[in-house]
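> The structure under discussion is supplied below as structure tokens; questions concerning it will follow.
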Amino acid sequence: MDHPKIPVDLIMAKLAEGAEKAQERAQKAQEVLLGELDTAIATTPYEVIYKEDRVKLKHYKPVSAAKERLRTPLLIVYALINRETMLDLQPGRSVVENLLKEGIDVYMIDWGYPTRKDRYVTIDDHVNGYMDNIIDFIRRSHALAKINLMGICMGGAFSVMYAALHPEKIKNLITTVTPTNFDTD
């Protein structure tokens, strides 16, 4: 079966056209990925009230439309790798905002970004160091023996560890998307 012969110039022109379109798409993708977000995230007002090394404690401001404020505050512990802003995407799509509307006093740990000097920081440092210091700070601020603790993903694993080691400081433990069963049978 004979195939029609296509001139080399036409083939080269089509290849160049395809390469140009691919370059335009790559440029557009780069602009989208590296450019400014067109939607503001993490807009719920908060104040950083505690700092230790790269770790910060955010305290979210109560909302005026909230129900009666609950006495026991909630500390949210997010993963080290992902950003805690996932819980405060935008108005109307925010776990933090919804908790505040329910009258819950919300705190959240921002683990910050590790640097080379953090290479020897251990899980124990996070759980029995940073978390314990932050929980004691919140307990003192509210004059309470126990607070509520919510852990998400790796932060949930940290929270389970913390609650097991310090049950006298935790009233309720809430976990979500938290790996806890590592049994291989």
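Ordered as shown in the structure tokens, chains take letters A, B, and onward, while each chain numbers its residues from 1 and ligands are numbered from 1 in the order shown.
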Using only C-alpha atoms, which protein or nucleic acid residues come within 9 Å of Leu74 of chain A? Drop anything in the same chain fewer than 5 positions from it, and give the result as a PyMOL selection string.

chain A and resi 104-108+147-150

> Can you write out the residues you just picked, keeping N, CA and C atoms, as an mmCIF file, in the first residue's frame?


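Output saved as selection18.cif:
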```cif
data_model
loop_
_atom_site.group_PDB
_atom_site.id
_atom_site.type_symbol
_atom_site.label_atom_id
_atom_site.label_comp_id
_atom_site.auth_asym_id
_atom_site.auth_seq_id
_atom_site.Cartn_x
_atom_site.Cartn_y
_atom_site.Cartn_z
ATOM 1 N N ILE A 104 -17.270 27.971 69.215
ATOM 2 C CA ILE A 104 -16.058 27.286 69.664
ATOM 3 C C ILE A 104 -14.873 28.243 69.579
ATOM 4 N N ASP A 105 -14.105 28.290 70.637
ATOM 5 C CA ASP A 105 -12.897 29.110 70.699
ATOM 6 C C ASP A 105 -11.784 28.307 70.021
ATOM 7 N N VAL A 106 -11.325 28.753 68.848
ATOM 8 C CA VAL A 106 -10.436 27.956 67.999
ATOM 9 C C VAL A 106 -8.995 28.463 68.037
ATOM 10 N N TYR A 107 -8.101 27.507 68.258
ATOM 11 C CA TYR A 107 -6.656 27.722 68.167
ATOM 12 C C TYR A 107 -6.124 26.740 67.128
ATOM 13 N N MET A 108 -5.054 27.115 66.449
ATOM 14 C CA MET A 108 -4.454 26.197 65.482
ATOM 15 C C MET A 108 -2.941 26.367 65.470
ATOM 16 N N ILE A 147 -8.363 20.771 77.694
ATOM 17 C CA ILE A 147 -8.878 21.404 76.476
ATOM 18 C C ILE A 147 -9.299 20.314 75.496
ATOM 19 N N ASN A 148 -9.986 20.716 74.441
ATOM 20 C CA ASN A 148 -10.335 19.801 73.355
ATOM 21 C C ASN A 148 -9.215 19.819 72.323
ATOM 22 N N LEU A 149 -8.936 18.657 71.738
ATOM 23 C CA LEU A 149 -7.831 18.516 70.795
ATOM 24 C C LEU A 149 -8.341 17.844 69.530
ATOM 25 N N MET A 150 -8.103 18.484 68.393
ATOM 26 C CA MET A 150 -8.505 17.937 67.092
ATOM 27 C C MET A 150 -7.269 17.794 66.224
#
```

> Enumerate the residues of segment 99-175 of chain A with a DSSP assignment of strand (DSSP E), computed from the backbone, and present them as a list in words.

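Answer for segment 99-175 of chain A, restricted to strand (DSSP E): Val106, Tyr107, Met108, Ile109, Asp110, Ile147, Asn148, Leu149, Met150, Gly151, Ile152, Ile170, Lys171, Asn172, Leu173, Ile174 and Thr175 of chain A.
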
> Could you write out the selected residues, including C-alpha atoms, as an mmCIF file, in the first residue's frame?


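Contents of out04.cif, as written:
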```cif
data_model
loop_
_atom_site.group_PDB
_atom_site.id
_atom_site.type_symbol
_atom_site.label_atom_id
_atom_site.label_comp_id
_atom_site.auth_asym_id
_atom_site.auth_seq_id
_atom_site.Cartn_x
_atom_site.Cartn_y
_atom_site.Cartn_z
ATOM 1 C CA VAL A 106 -10.436 27.956 67.999
ATOM 2 C CA TYR A 107 -6.656 27.722 68.167
ATOM 3 C CA MET A 108 -4.454 26.197 65.482
ATOM 4 C CA ILE A 109 -0.802 25.233 65.296
ATOM 5 C CA ASP A 110 1.162 26.519 62.316
ATOM 6 C CA ILE A 147 -8.878 21.404 76.476
ATOM 7 C CA ASN A 148 -10.335 19.801 73.355
ATOM 8 C CA LEU A 149 -7.831 18.516 70.795
ATOM 9 C CA MET A 150 -8.505 17.937 67.092
ATOM 10 C CA GLY A 151 -5.848 16.319 64.936
ATOM 11 C CA ILE A 152 -5.908 16.054 61.177
ATOM 12 C CA ILE A 170 -7.319 16.528 77.137
ATOM 13 C CA LYS A 171 -11.104 16.650 77.553
ATOM 14 C CA ASN A 172 -12.042 15.364 74.075
ATOM 15 C CA LEU A 173 -9.913 13.985 71.245
ATOM 16 C CA ILE A 174 -11.130 14.312 67.665
ATOM 17 C CA THR A 175 -9.220 12.870 64.722
#
```

> I'd like to know which of A:Lys117, A:His166, A:Arg139, A:Lys58 is closest to Val77 of chain A, using only C-alpha atoms.

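Once distances to Val77 of chain A are computed over only C-alpha atoms, the minimum belongs to A:Lys58.
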
> Separation of atom CA of Glu52 of chain A and atom CA of Arg71 of chain A, in Å?

26.0 Å

> If you run DSSP over the backbone, which residues in chain A end up alpha helix (DSSP H)? Put them as a ChimeraX atom specification.

/A:8-34,95-101,123-124,132-142,154-165

> So that each row is one residue of segment 71-114 of chain A with an atom at most 12 Å from segment 176-182 of chain A, can you give its shortest atom pair and the distance in Å to one decimal, using only C-alpha atoms, rows by chain and rising number, as JSON lines?


```
{"residue": "A:Ile76", "atom": "CA", "partner": "A:Thr176", "partner_atom": "CA", "distance": 11.0}
{"residue": "A:Val77", "atom": "CA", "partner": "A:Thr176", "partner_atom": "CA", "distance": 10.7}
{"residue": "A:Tyr78", "atom": "CA", "partner": "A:Thr176", "partner_atom": "CA", "distance": 10.1}
{"residue": "A:Ala79", "atom": "CA", "partner": "A:Thr178", "partner_atom": "CA", "distance": 9.8}
```

> Could you check how far atom CA of Asp124 of chain A sits from atom CA of Leu75 of chain A, in Å to one decimal?

18.5 Å

> By how many Å are atom CA of Glu47 of chain A and atom CA of Tyr60 of chain A apart?

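About the pair atom CA of Glu47 of chain A and atom CA of Tyr60 of chain A: they are 6.4 Å apart.
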
> Using only C-alpha atoms for the distances, tell me which of A:Tyr162, A:Met86, A:Tyr120, A:Pro73 is nearest to Leu144 of chain A.

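With only C-alpha atoms as the atom set, the closest residue is A:Pro73.
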
> Residues of segment 88-181 of chain A that have any atom at most 12 Å from an atom of segment 48-51 of chain A: could you tabulate them with the shortest-distance atom pair and the distance in Å to one decimal, using only C-alpha atoms, ordered by chain and increasing number, as JSON lines?


```
{"residue": "A:Tyr107", "atom": "CA", "partner": "A:Val48", "partner_atom": "CA", "distance": 9.6}
{"residue": "A:Met108", "atom": "CA", "partner": "A:Val48", "partner_atom": "CA", "distance": 9.6}
{"residue": "A:Ile109", "atom": "CA", "partner": "A:Tyr50", "partner_atom": "CA", "distance": 9.6}
{"residue": "A:Asp110", "atom": "CA", "partner": "A:Val48", "partner_atom": "CA", "distance": 9.5}
{"residue": "A:Trp111", "atom": "CA", "partner": "A:Lys51", "partner_atom": "CA", "distance": 10.0}
{"residue": "A:Gly112", "atom": "CA", "partner": "A:Lys51", "partner_atom": "CA", "distance": 10.4}
{"residue": "A:Tyr130", "atom": "CA", "partner": "A:Lys51", "partner_atom": "CA", "distance": 9.5}
{"residue": "A:Met131", "atom": "CA", "partner": "A:Tyr50", "partner_atom": "CA", "distance": 11.6}
{"residue": "A:Asn133", "atom": "CA", "partner": "A:Tyr50", "partner_atom": "CA", "distance": 9.7}
{"residue": "A:Ile134", "atom": "CA", "partner": "A:Tyr50", "partner_atom": "CA", "distance": 7.6}
{"residue": "A:Ile135", "atom": "CA", "partner": "A:Tyr50", "partner_atom": "CA", "distance": 10.9}
{"residue": "A:Asp136", "atom": "CA", "partner": "A:Tyr50", "partner_atom": "CA", "distance": 11.4}
{"residue": "A:Phe137", "atom": "CA", "partner": "A:Tyr50", "partner_atom": "CA", "distance": 8.2}
{"residue": "A:Ile138", "atom": "CA", "partner": "A:Tyr50", "partner_atom": "CA", "distance": 9.6}
{"residue": "A:Ser141", "atom": "CA", "partner": "A:Ile49", "partner_atom": "CA", "distance": 10.6}
```

> Identify which of the residues A:Gly92, A:Gly129, A:Pro114, A:Pro7 lies closest to Ile41 of chain A, counting only C-alpha atoms when measuring atom-to-atom distances.

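The answer is A:Gly92, which sits nearest to Ile41 of chain A.
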
> For each of A:Asp132, A:Glu68, A:Glu168, A:Asp53, take the minimum atom-to-atom distance to Ala145 of chain A, counting only C-alpha atoms, then give the residue where this is smallest.

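Selected residue with least distance to Ala145 of chain A: A:Glu168.
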